[in-house]
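Data file: my_file_23.cif. Format and content: mmCIF, C-alpha atoms.
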data_my_file
loop_
_atom_site.group_PDB
_atom_site.id
_atom_site.type_symbol
_atom_site.label_atom_id
_atom_site.label_comp_id
_atom_site.auth_asym_id
_atom_site.auth_seq_id
_atom_site.Cartn_x
_atom_site.Cartn_y
_atom_site.Cartn_z
ATOM 1 C CA MET A 20 9.397 138.195 125.383
ATOM 2 C CA PRO A 21 13.176 137.858 125.034
ATOM 3 C CA LEU A 22 14.430 136.871 121.591
ATOM 4 C CA THR A 23 17.410 134.771 122.642
ATOM 5 C CA PHE A 24 18.310 133.858 119.076
ATOM 6 C CA LEU A 25 18.747 137.545 118.212
ATOM 7 C CA THR A 26 21.681 138.312 120.473
ATOM 8 C CA ALA A 27 24.731 136.416 121.495
ATOM 9 C CA ASP A 28 24.924 135.606 125.153
ATOM 10 C CA ARG A 29 26.376 138.219 127.445
ATOM 11 C CA ALA A 30 29.187 135.778 128.127
ATOM 12 C CA PHE A 31 30.729 136.764 124.782
ATOM 13 C CA ASP A 32 31.487 140.305 125.940
ATOM 14 C CA ALA A 33 35.005 141.500 125.177
ATOM 15 C CA THR A 34 35.894 141.680 128.886
ATOM 16 C CA ASP A 35 35.659 137.928 129.352
ATOM 17 C CA ASP A 36 38.798 135.829 129.118
ATOM 18 C CA VAL A 37 36.942 132.513 129.284
ATOM 19 C CA ALA A 38 36.213 130.986 125.873
ATOM 20 C CA LEU A 39 33.567 128.554 127.105
ATOM 21 C CA PRO A 40 31.794 130.560 129.830
ATOM 22 C CA PHE A 41 28.565 128.554 129.871
ATOM 23 C CA ASP A 42 27.224 126.110 132.411
ATOM 24 C CA ASP A 43 25.183 124.230 129.800
ATOM 25 C CA HIS A 44 27.397 123.266 126.872
ATOM 26 C CA ASP A 45 24.577 121.223 125.286
ATOM 27 C CA GLN A 46 22.635 124.341 124.261
ATOM 28 C CA TRP A 47 23.350 125.706 120.772
ATOM 29 C CA ARG A 48 24.832 129.223 120.922
ATOM 30 C CA ARG A 49 25.871 131.779 118.335
ATOM 31 C CA PRO A 50 29.446 133.059 118.986
ATOM 32 C CA TYR A 51 28.639 136.516 117.561
ATOM 33 C CA ARG A 52 25.745 138.933 117.331
ATOM 34 C CA PRO A 53 23.768 139.114 114.084
ATOM 35 C CA GLY A 54 24.898 141.896 111.766
ATOM 36 C CA PRO A 55 23.002 145.167 111.459
ATOM 37 C CA TRP A 56 21.942 144.456 107.860
ATOM 38 C CA ARG A 57 20.272 141.214 108.811
ATOM 39 C CA VAL A 58 18.532 142.694 111.845
ATOM 40 C CA GLY A 59 17.404 145.722 109.815
ATOM 41 C CA ALA A 60 16.033 143.549 107.010
ATOM 42 C CA ALA A 61 14.159 141.380 109.514
ATOM 43 C CA ALA A 62 12.724 144.478 111.190
ATOM 44 C CA LEU A 63 11.507 145.804 107.835
ATOM 45 C CA ALA A 64 9.971 142.425 107.017
ATOM 46 C CA LEU A 65 8.146 142.393 110.341
ATOM 47 C CA LEU A 66 6.919 145.941 109.685
ATOM 48 C CA LEU A 67 5.628 144.796 106.300
ATOM 49 C CA ALA A 68 3.943 141.824 108.009
ATOM 50 C CA SER A 69 2.128 144.166 110.379
ATOM 51 C CA PHE A 70 0.691 146.088 107.425
ATOM 52 C CA VAL A 71 -0.320 142.845 105.728
ATOM 53 C CA LEU A 72 -2.038 141.713 108.945
ATOM 54 C CA LEU A 73 -3.867 145.043 109.135
ATOM 55 C CA ALA A 74 -4.979 144.547 105.538
ATOM 56 C CA ALA A 75 -6.192 141.052 106.440
ATOM 57 C CA VAL A 76 -8.297 142.442 109.283
ATOM 58 C CA ILE A 77 -9.808 145.003 106.905
ATOM 59 C CA ILE A 78 -10.550 142.242 104.386
ATOM 60 C CA VAL A 79 -12.262 140.202 107.129
ATOM 61 C CA ALA A 80 -14.355 143.244 108.068
ATOM 62 C CA ALA A 81 -15.331 143.606 104.424
ATOM 63 C CA GLY A 82 -16.563 140.015 104.405
ATOM 64 C CA ALA A 83 -14.197 138.449 101.854
ATOM 65 C CA MET A 84 -13.041 135.417 103.812
ATOM 66 C CA SER A 85 -11.054 133.735 101.013
ATOM 67 C CA GLY A 86 -9.027 136.908 100.471
ATOM 68 C CA ALA A 87 -8.495 137.237 104.220
ATOM 69 C CA VAL A 88 -7.152 133.679 104.463
ATOM 70 C CA VAL A 89 -4.684 134.321 101.636
ATOM 71 C CA THR A 90 -3.582 137.569 103.280
ATOM 72 C CA PHE A 91 -3.143 135.921 106.703
ATOM 73 C CA VAL A 92 -1.057 133.146 105.099
ATOM 74 C CA LEU A 93 1.092 135.762 103.342
ATOM 75 C CA ALA A 94 1.631 137.581 106.662
ATOM 76 C CA ALA A 95 2.566 134.297 108.354
ATOM 77 C CA LEU A 96 5.094 133.529 105.599
ATOM 78 C CA ILE A 97 6.666 136.983 105.988
ATOM 79 C CA ILE A 98 6.923 136.541 109.768
ATOM 80 C CA VAL A 99 8.422 133.044 109.491
ATOM 81 C CA SER A 100 10.906 134.290 106.871
ATOM 82 C CA ALA A 101 11.978 137.204 109.076
ATOM 83 C CA LEU A 102 12.519 134.932 112.065
ATOM 84 C CA ARG A 103 14.410 132.397 109.959
ATOM 85 C CA MET A 104 16.599 135.202 108.590
ATOM 86 C CA LEU A 105 17.566 136.057 112.178
ATOM 87 C CA ARG A 106 18.293 132.401 112.918
ATOM 88 C CA VAL A 107 20.691 131.955 109.965
ATOM 89 C CA GLY A 108 24.336 131.688 110.984
ATOM 90 C CA THR A 109 26.866 129.542 112.760
ATOM 91 C CA TRP A 110 26.014 127.955 116.104
ATOM 92 C CA VAL A 111 28.238 125.932 118.454
ATOM 93 C CA SER A 112 27.629 123.474 121.275
ATOM 94 C CA ARG A 113 29.211 120.404 122.819
ATOM 95 C CA HIS A 114 27.817 118.388 119.900
ATOM 96 C CA GLY A 115 29.574 120.307 117.122
ATOM 97 C CA VAL A 116 29.236 123.298 114.867
ATOM 98 C CA ARG A 117 25.947 123.953 113.097
ATOM 99 C CA ARG A 118 25.642 126.052 109.937
ATOM 100 C CA VAL A 119 22.040 127.248 109.686
ATOM 101 C CA GLY A 120 21.039 128.441 106.233
ATOM 102 C CA PHE A 121 17.725 129.882 105.176
ATOM 103 C CA PHE A 122 16.480 126.531 103.824
ATOM 104 C CA THR A 123 19.011 124.000 105.141
ATOM 105 C CA THR A 124 20.912 123.223 108.306
ATOM 106 C CA THR A 125 24.186 121.300 108.440
ATOM 107 C CA THR A 126 25.736 120.003 111.641
ATOM 108 C CA VAL A 127 29.312 118.727 111.898
ATOM 109 C CA ALA A 128 30.319 116.881 115.072
ATOM 110 C CA TRP A 129 33.489 118.120 116.734
ATOM 111 C CA THR A 130 34.932 114.618 116.428
ATOM 112 C CA ARG A 131 34.699 114.969 112.618
ATOM 113 C CA VAL A 132 36.610 118.298 112.606
ATOM 114 C CA THR A 133 40.359 117.814 112.256
ATOM 115 C CA GLN A 134 41.440 121.439 112.036
ATOM 116 C CA VAL A 135 40.088 124.946 112.591
ATOM 117 C CA ARG A 136 42.053 127.774 111.010
ATOM 118 C CA THR A 137 41.709 131.383 109.967
ATOM 119 C CA VAL A 138 42.692 132.204 106.369
ATOM 120 C CA GLN A 139 42.799 135.271 104.146
ATOM 121 C CA GLN A 140 40.429 134.823 101.223
ATOM 122 C CA PRO A 141 37.667 136.591 99.314
ATOM 123 C CA VAL A 142 34.413 136.522 101.272
ATOM 124 C CA ARG A 143 30.881 137.314 100.142
ATOM 125 C CA TRP A 144 29.514 140.716 101.044
ATOM 126 C CA LEU A 145 25.943 140.796 102.421
ATOM 127 C CA GLY A 146 25.308 137.350 100.969
ATOM 128 C CA LEU A 147 25.660 138.725 97.435
ATOM 129 C CA PRO A 148 27.881 137.283 94.703
ATOM 130 C CA ARG A 149 30.241 140.244 95.146
ATOM 131 C CA THR A 150 33.300 139.389 97.237
ATOM 132 C CA VAL A 151 35.760 141.450 99.233
ATOM 133 C CA GLN A 152 39.116 140.444 100.659
ATOM 134 C CA GLY A 153 38.810 139.307 104.261
ATOM 135 C CA GLN A 154 39.382 136.579 106.791
ATOM 136 C CA ALA A 155 37.440 133.365 106.995
ATOM 137 C CA LEU A 156 37.312 130.636 109.605
ATOM 138 C CA ILE A 157 37.640 127.253 107.913
ATOM 139 C CA LEU A 158 36.748 123.899 109.455
ATOM 140 C CA VAL A 159 38.558 120.941 107.903
ATOM 141 C CA ARG A 160 36.567 117.726 108.261
ATOM 142 C CA GLN A 161 37.935 114.207 108.425
ATOM 143 C CA GLY A 162 38.524 112.933 104.930
ATOM 144 C CA GLY A 163 39.676 116.326 103.661
ATOM 145 C CA GLY A 164 36.273 117.951 103.239
ATOM 146 C CA GLY A 165 36.184 121.582 104.219
ATOM 147 C CA GLY A 166 33.172 123.601 105.113
ATOM 148 C CA GLY A 167 31.123 124.909 107.955
ATOM 149 C CA GLY A 168 32.339 127.626 110.215
ATOM 150 C CA VAL A 169 32.095 131.371 110.252
ATOM 151 C CA GLU A 170 33.309 131.927 106.694
ATOM 152 C CA GLY A 171 29.753 131.913 105.435
ATOM 153 C CA ASP A 172 28.794 134.576 107.961
ATOM 154 C CA LYS A 173 31.607 137.018 107.285
ATOM 155 C CA ASP A 174 28.991 139.551 106.177
ATOM 156 C CA GLU A 175 27.762 139.443 109.778
ATOM 157 C CA VAL A 176 31.130 140.553 111.122
ATOM 158 C CA LEU A 177 32.680 142.168 108.036
ATOM 159 C CA SER A 178 33.277 145.593 109.549
ATOM 160 C CA ARG A 179 33.521 144.294 113.110
ATOM 161 C CA ILE A 180 37.028 142.863 113.359
ATOM 162 C CA GLU A 181 36.803 142.296 117.112
ATOM 163 C CA ALA A 182 33.561 140.339 116.682
ATOM 164 C CA PHE A 183 35.143 138.075 114.053
ATOM 165 C CA ASP A 184 38.227 137.514 116.195
ATOM 166 C CA ARG A 185 36.073 136.698 119.231
ATOM 167 C CA ALA A 186 33.877 134.326 117.181
ATOM 168 C CA ALA A 187 36.916 132.609 115.646
ATOM 169 C CA ASP A 188 38.544 132.225 119.062
ATOM 170 C CA THR A 189 35.331 130.822 120.470
ATOM 171 C CA VAL A 190 34.929 128.229 117.702
ATOM 172 C CA GLU A 191 38.589 127.243 118.102
ATOM 173 C CA ALA A 192 38.096 126.883 121.871
ATOM 174 C CA TRP A 193 35.006 124.692 121.401
ATOM 175 C CA ASN A 194 36.983 122.558 118.942
ATOM 176 C CA ALA A 195 39.891 122.287 121.386
ATOM 177 C CA GLU A 196 37.491 121.253 124.156
ATOM 178 C CA TYR A 197 35.390 118.735 122.205
ATOM 179 C CA GLY A 198 37.347 118.022 119.002
ATOM 180 C CA VAL A 199 39.350 115.021 117.846
ATOM 181 C CA ALA A 200 42.344 115.896 120.029
ATOM 182 C CA ALA A 201 40.129 116.027 123.144
ATOM 183 C CA VAL A 202 38.550 112.597 122.526
ATOM 184 C CA PRO A 203 40.628 109.607 123.708
ATOM 185 C CA ALA A 204 41.637 107.262 120.866
ATOM 186 C CA ALA A 205 39.763 104.316 122.424
ATOM 187 C CA THR A 206 36.398 106.124 122.159
ATOM 188 C CA ARG A 207 36.737 107.330 118.554
#

Using the file provided, produce a representation of the structure as structure tokens.
Amino acid sequence: MPLTFLTADRAFDATDDVALPFDDHDQWRRPYRPGPWRVGAAALALLLASFVLLAAVIIVAAGAMSGAVVTFVLAALIIVSALRMLRVGTWVSRHGVRRVGFFTTTTVAWTRVTQVRTVQQPVRWLGLPRTVQGQALILVRQGGGGGGGVEGDKDEVLSRIEAFDRAADTVEAWNAEYGVAAVPAATR
């Protein structure tokens, strides 16, 4: 079973010169691959879930059904958390840019984005409060509100400069294709 949310599409390989190489621009796509820390943590969580499921089977064999139900629910929560952890990040499509968090998802339509720019600023490291100096991709919304973009996922591409540059270029290309400048004034 392919896990399409785990990898970026092959169209984002460094050899491609096309920023929007997809036939279906309505499908949400991640412009970068998930970082090794996130994939490793999800793999460890799934390994833990397999042990919890084994324990649940042993509990069922022992005849304690209430304990087995609790253990199966715990295993299901671990599996769902691991899959959600892999899903967290920035996604783009014709409709806008989507920032998927662990508990929340925010979508900003391209018509609401007035500017996409790369800036030097402190970025969080591995999602921790500690910051390091780096680049961030900032989306400026209509009305002056910032937010969204790849800046929240810098830990995904922190040591992979080419991946960040490719992701930033991709988000800028999607904005150029579907953003405010691409929409005729009569339809806004």

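Nearest-residue note for Ala68 (chain A): choosing from A:Arg48, A:Ile97, A:Gly86, A:Val92, the minimum distance belongs to A:Ile97, counting only C-alpha atoms.
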
Quick one: everything within 10 Å of Leu67 (chain A), counting all atoms listed in the file, minus sequence neighbours fewer than 6 positions away in the same chain. Send it as a compact mmCIF listing (two decimals) with C-alpha atoms, in the coordinates of the input.
# COMPACT_ATOMS: atom_id res chain seq x y z
CA ALA A 61 14.16 141.38 109.51
CA LEU A 73 -3.87 145.04 109.14
CA ALA A 94 1.63 137.58 106.66
CA ILE A 97 6.67 136.98 105.99
CA ILE A 98 6.92 136.54 109.77

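Compared by their closest atoms to Arg185 (chain A), and using only C-alpha atoms, the residues A:Leu65, A:Val116, A:Pro148, A:Leu156 rank with A:Leu156 nearest.
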
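Nearest to Gly198 (chain A) of all the residues A:Arg131, A:Arg106, A:Arg117, A:Arg57 is A:Arg131, counting all atoms listed in the file.
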
Run the PyMOL selection byres ((chain A and resi 129) around 12) against the file shown and list the residues it catches, as a ChimeraX atom specification.
/A:111-117,126-128,130-135,158-161,167-168,190-202,207

Please work out which residues fall within 12 Å of (-7.8, 141.6, 106.0), coordinates as given in the file, with all atoms listed in the file counting, and return them as a ChimeraX atom specification.
/A:68-94

Extract, using only C-alpha atoms, all DNA, RNA and protein residues at most 12 Å from Val58 (chain A), discarding same-chain residues fewer than 3 positions from it, and format them as JSON, numbers by chain.
{"A": [24, 25, 26, 52, 53, 54, 55, 61, 62, 63, 64, 65, 101, 102, 103, 104, 105, 106, 107, 175]}

Check: Using the chain letters and numbers from the file, which residues does the PyMOL selection byres ((chain A and resi 141) around 6) grab, as an MDAnalysis selection string?
Finding: chainID A and resid 140 142 150:153

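Straight-line separation from CA of Val138 (chain A) to CA of Ile157 (chain A): 7.2 Å.
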
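Between CA of Thr123 (chain A) and CA of Asp184 (chain A) the interatomic distance comes to 26.0 Å.
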
Computed gap from CA of Gln154 (chain A) to CA of Ile180 (chain A) is 9.4 Å

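In terms of minimum interatomic distance to Thr109 (chain A), A:Thr125 ranks closest within A:Trp56, A:Thr137, A:Arg143, A:Thr125, counting only C-alpha atoms.
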
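Counting all atoms listed in the file, the residue from A:Arg136, A:Ala60, A:Trp47, A:Glu181 that sits nearest to Ser100 (chain A) is A:Ala60.
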